[in-house]
Amino acid sequence: MNALAKKLPGVAAAVTVAGGAAGAASLLPSEWHVSAIPLSIALGAAAGNAAPALRDRLKPGVSMCASTVLRVGVVCVGAKLSAAQVFALGWTTIPAAAAAVTVGITTIPAIASYAGLPPRLGSLIAAGTSVCGVTAIGAVAPAIAATQAEVAVAVGNVVAYGTAAMLCYPHLAARLFPAGDSQHIGLFLGLGVHDTAQVMGAAASYAEQYSDAAVVTCAAVAKLTRNVSLAAVVPLMAAKHGAAGAAAGFSTRALAAAVPTFVLGFLGMSLLRTLGDLQLSRGGAALGVLDAKQWKQGAEWVGNELGTKILLGTAMAGVGLSVQASAFKGVGYRP
């Protein structure tokens with residue numbers, strides 16, 4: 001009970017910020033295509049840095065919103081989508097993901113070296129940028145014997161650029177690709193944004209702003225394909241730096257870290273939606289109990305209202321509230 005009480009202030013703050021973002025988004029002109037999700041991050045970051053004295057008190061609840069609530073929200077979003085799209089798109093992302101990861105892990109260390117950064121820091125930034133954000137940094141760091149300072153700078157780099165990408169790339173995608181081109185827009189977001197959570201936030205933001213739910217599926221498949229490469233990147237980075245972890249780099253632990261359970265939950269929810277749709281198409285009831293209208297309304301409520309607007313909105317407010325501007329002071333411009 002004591003642990004729950006410690007989380008309540010942070011959760012309440014995130015819910016309040018998300019509600020304010022939703023209200024602000026509803027007041028903006030529709031042609032601006034601004035949803036509550038990016039506003040939740042911006043307002044959360046502004047509020048958190050305006051009142052730093054409250055950060056320690058809010059931290060337990062804010063951390064839960066930015067992790068657990070976000071994961072549950074992503075799973076719920078799967079209720080809007082058909083698994084047939086996942087299977088149809090899965091194989092097409094493999095060469096694109098392989099190319100993106102290869103370019104990242106080869107060019108970023110070279111750029112870091114040119115900028116005068118330590119080799120291990122360059123490798124951490126490369127892994128975080130190319131594979132799966134903070135998860136990749138955490139997996140690569142012990143394999144190359146990186147210092148805590150190097151890990152902190154790499155995490156700050158990925159969080160900063162990934163958050164900026166999550167806010168900007170949905171609008172950029174709308175201008176680079178024709179409306180309705182869900183596959184290429186999802187591929188762009190899934191390969192271009194750093195962390196898995198950031199990818200899902202960007203995709204959900206695009207889906208809400210431009211009424212294209214299929215983008216979330218495409219982005220999830222692209223990101224999951226990219227994440228799996230972590231199992232190969234860890235031993236490669238370890239071998240490059242001559243670390244003792246090279247032989248153990250390719251491990252089930254690295255593979256498990258590369259495939260977050262909440263992404264599997266997202267795909268499982270999509271399978272459930274597909275099962276219900278299939279049963280209805282054959283003249284039966286969805287899951288044996290719901291008619292077509294009830295099934296559609298229920299799935300849309302879970303995926304759109306609960307998943308996107310309530311849970312992801314609250315989670316993104318938590319992400320914003322957890323951003324500390326002071327963490328980037330003294331780091332310099334080179335990372």
# chains A, B, ... in the order shown; residues from 1 in each chain; ligands from 1
$ residues_around --residues "Leu81 (chain A)" --least-positions-apart "6" --cutoff "7 Å" --atoms "only C-alpha atoms" --output "PyMOL selection string"
chain A and resi 214+217+270+273
$ residues_around --residues "Ile94 (chain A)" --least-positions-apart "4" --cutoff "8 Å" --atoms "only C-alpha atoms" --output "PyMOL selection string"
chain A and resi 90+98+222+225-226
$ residues_around --residues "region 16-28 of chain A" --least-positions-apart "5" --cutoff "6 Å" --atoms "only C-alpha atoms" --output "PyMOL selection string"
chain A and resi 35-36+39-40+313-314+317
$ write_last_selection --atoms "N, CA, C and O atoms" --output "PDB file, in the first residue's frame"
ATOM      1  N   SER A  35      -1.893  16.221 -32.497  1.00  0.00           N
ATOM      2  CA  SER A  35      -2.632  15.387 -31.563  1.00  0.00           C
ATOM      3  C   SER A  35      -2.174  15.650 -30.142  1.00  0.00           C
ATOM      4  O   SER A  35      -1.192  16.350 -29.890  1.00  0.00           O
ATOM      5  N   ALA A  36      -2.869  15.035 -29.199  1.00  0.00           N
ATOM      6  CA  ALA A  36      -2.548  15.226 -27.790  1.00  0.00           C
ATOM      7  C   ALA A  36      -1.242  14.533 -27.392  1.00  0.00           C
ATOM      8  O   ALA A  36      -0.623  14.903 -26.393  1.00  0.00           O
ATOM      9  N   LEU A  39       1.830  16.820 -27.644  1.00  0.00           N
ATOM     10  CA  LEU A  39       1.607  17.894 -26.683  1.00  0.00           C
ATOM     11  C   LEU A  39       1.812  17.407 -25.254  1.00  0.00           C
ATOM     12  O   LEU A  39       2.281  18.161 -24.388  1.00  0.00           O
ATOM     13  N   SER A  40       1.466  16.145 -24.985  1.00  0.00           N
ATOM     14  CA  SER A  40       1.675  15.584 -23.650  1.00  0.00           C
ATOM     15  C   SER A  40       3.155  15.593 -23.289  1.00  0.00           C
ATOM     16  O   SER A  40       3.532  15.904 -22.156  1.00  0.00           O
ATOM     17  N   GLY A 313      -1.467   8.646 -24.038  1.00  0.00           N
ATOM     18  CA  GLY A 313      -1.408  10.061 -23.673  1.00  0.00           C
ATOM     19  C   GLY A 313      -0.796  10.253 -22.295  1.00  0.00           C
ATOM     20  O   GLY A 313       0.072  11.104 -22.089  1.00  0.00           O
ATOM     21  N   THR A 314      -1.240   9.436 -21.326  1.00  0.00           N
ATOM     22  CA  THR A 314      -0.680   9.500 -19.970  1.00  0.00           C
ATOM     23  C   THR A 314       0.784   9.083 -19.958  1.00  0.00           C
ATOM     24  O   THR A 314       1.615   9.689 -19.272  1.00  0.00           O
ATOM     25  N   ALA A 317       2.958  11.819 -21.311  1.00  0.00           N
ATOM     26  CA  ALA A 317       3.091  12.867 -20.299  1.00  0.00           C
ATOM     27  C   ALA A 317       4.145  12.466 -19.281  1.00  0.00           C
ATOM     28  O   ALA A 317       4.953  13.291 -18.831  1.00  0.00           O
TER      29      ALA A 317
END
$ closest_residue --among "A:Ala152, A:Leu267, A:Ile37, A:Val15" --to "Ala220 (chain A)" --atoms "only C-alpha atoms"
A:Leu267
$ residues_around --residues "Ser130 (chain A)" --least-positions-apart "6" --cutoff "8 Å" --atoms "only C-alpha atoms" --output "list in words"
Ala100, Val101, Thr102, Gly104, Ile105 and His194 of chain A
$ residues_around --residues "Asp212 (chain A)" --least-positions-apart "3" --cutoff "8 Å" --atoms "only C-alpha atoms" --output "PyMOL selection string"
chain A and resi 180+182+206-208+215
$ residues_around --residues "Gly133 (chain A)" --least-positions-apart "2" --cutoff "6 Å" --atoms "only C-alpha atoms" --output "list in words"
Gly128, Thr129, Thr135, Ala136, His194 and Asp195 of chain A
$ residues_around --residues "Lys223 (chain A)" --least-positions-apart "3" --cutoff "10 Å" --atoms "only C-alpha atoms" --output "ChimeraX atom specification"
/A:93,97,131-132,186-197,199-200,217-220,226-228,258-259,263
$ write_last_selection --atoms "C-alpha atoms" --output "PDB file, in the first residue's frame"
ATOM      1  CA  THR A  93      11.021  -5.079 -43.835  1.00  0.00           C
ATOM      2  CA  ALA A  97      16.039  -3.068 -41.491  1.00  0.00           C
ATOM      3  CA  VAL A 131      18.961  -0.878 -33.126  1.00  0.00           C
ATOM      4  CA  CYS A 132      16.621  -0.138 -30.225  1.00  0.00           C
ATOM      5  CA  GLY A 186       5.269   2.755 -41.061  1.00  0.00           C
ATOM      6  CA  LEU A 187       8.624   1.572 -42.431  1.00  0.00           C
ATOM      7  CA  PHE A 188       9.947   5.138 -42.285  1.00  0.00           C
ATOM      8  CA  LEU A 189       8.884   5.570 -38.654  1.00  0.00           C
ATOM      9  CA  GLY A 190       9.927   2.059 -37.616  1.00  0.00           C
ATOM     10  CA  LEU A 191      13.439   2.459 -39.022  1.00  0.00           C
ATOM     11  CA  GLY A 192      13.962   6.171 -38.391  1.00  0.00           C
ATOM     12  CA  VAL A 193      13.033   6.602 -34.712  1.00  0.00           C
ATOM     13  CA  HIS A 194      15.374   5.296 -32.024  1.00  0.00           C
ATOM     14  CA  ASP A 195      13.614   3.492 -29.157  1.00  0.00           C
ATOM     15  CA  THR A 196      10.713   1.036 -29.453  1.00  0.00           C
ATOM     16  CA  ALA A 197       8.468   3.158 -27.248  1.00  0.00           C
ATOM     17  CA  VAL A 199       8.483   4.431 -32.518  1.00  0.00           C
ATOM     18  CA  MET A 200       5.103   3.393 -31.155  1.00  0.00           C
ATOM     19  CA  THR A 217       1.165  -2.169 -37.465  1.00  0.00           C
ATOM     20  CA  CYS A 218       3.727  -1.382 -40.166  1.00  0.00           C
ATOM     21  CA  ALA A 219       5.906   0.573 -37.755  1.00  0.00           C
ATOM     22  CA  ALA A 220       5.723  -2.184 -35.112  1.00  0.00           C
ATOM     23  CA  ARG A 226      15.282  -4.039 -36.444  1.00  0.00           C
ATOM     24  CA  ASN A 227      15.367  -5.006 -32.750  1.00  0.00           C
ATOM     25  CA  VAL A 228      16.237  -8.636 -33.482  1.00  0.00           C
ATOM     26  CA  ALA A 258      15.635  -7.244 -28.440  1.00  0.00           C
ATOM     27  CA  VAL A 259      12.015  -8.441 -28.519  1.00  0.00           C
ATOM     28  CA  VAL A 263       5.396  -5.678 -28.657  1.00  0.00           C
TER      29      VAL A 263
END
$ closest_residue --among "A:Val234, A:Leu311, A:Ala45, A:Ala96" --to "Ala126 (chain A)" --atoms "only C-alpha atoms"
A:Val234
$ atom_distance --atom1 "CA of Met316 (chain A)" --atom2 "CA of Gly61 (chain A)"
12.9 Å
$ closest_residue --among "A:Gly78, A:Ala50, A:Pro38, A:Ala173" --to "Trp301 (chain A)" --atoms "only C-alpha atoms"
A:Gly78
$ closest_residue --among "A:Leu58, A:Ala53, A:Ala66, A:Ile137" --to "Leu312 (chain A)" --atoms "only C-alpha atoms"
A:Ala66
$ closest_residue --among "A:Ala110, A:Ala213, A:Ala285, A:Leu230" --to "Val134 (chain A)" --atoms "only C-alpha atoms"
A:Leu230
$ closest_residue --among "A:Gln294, A:Asn304, A:Thr261, A:Asn49" --to "Ser211 (chain A)" --atoms "only C-alpha atoms"
A:Asn304
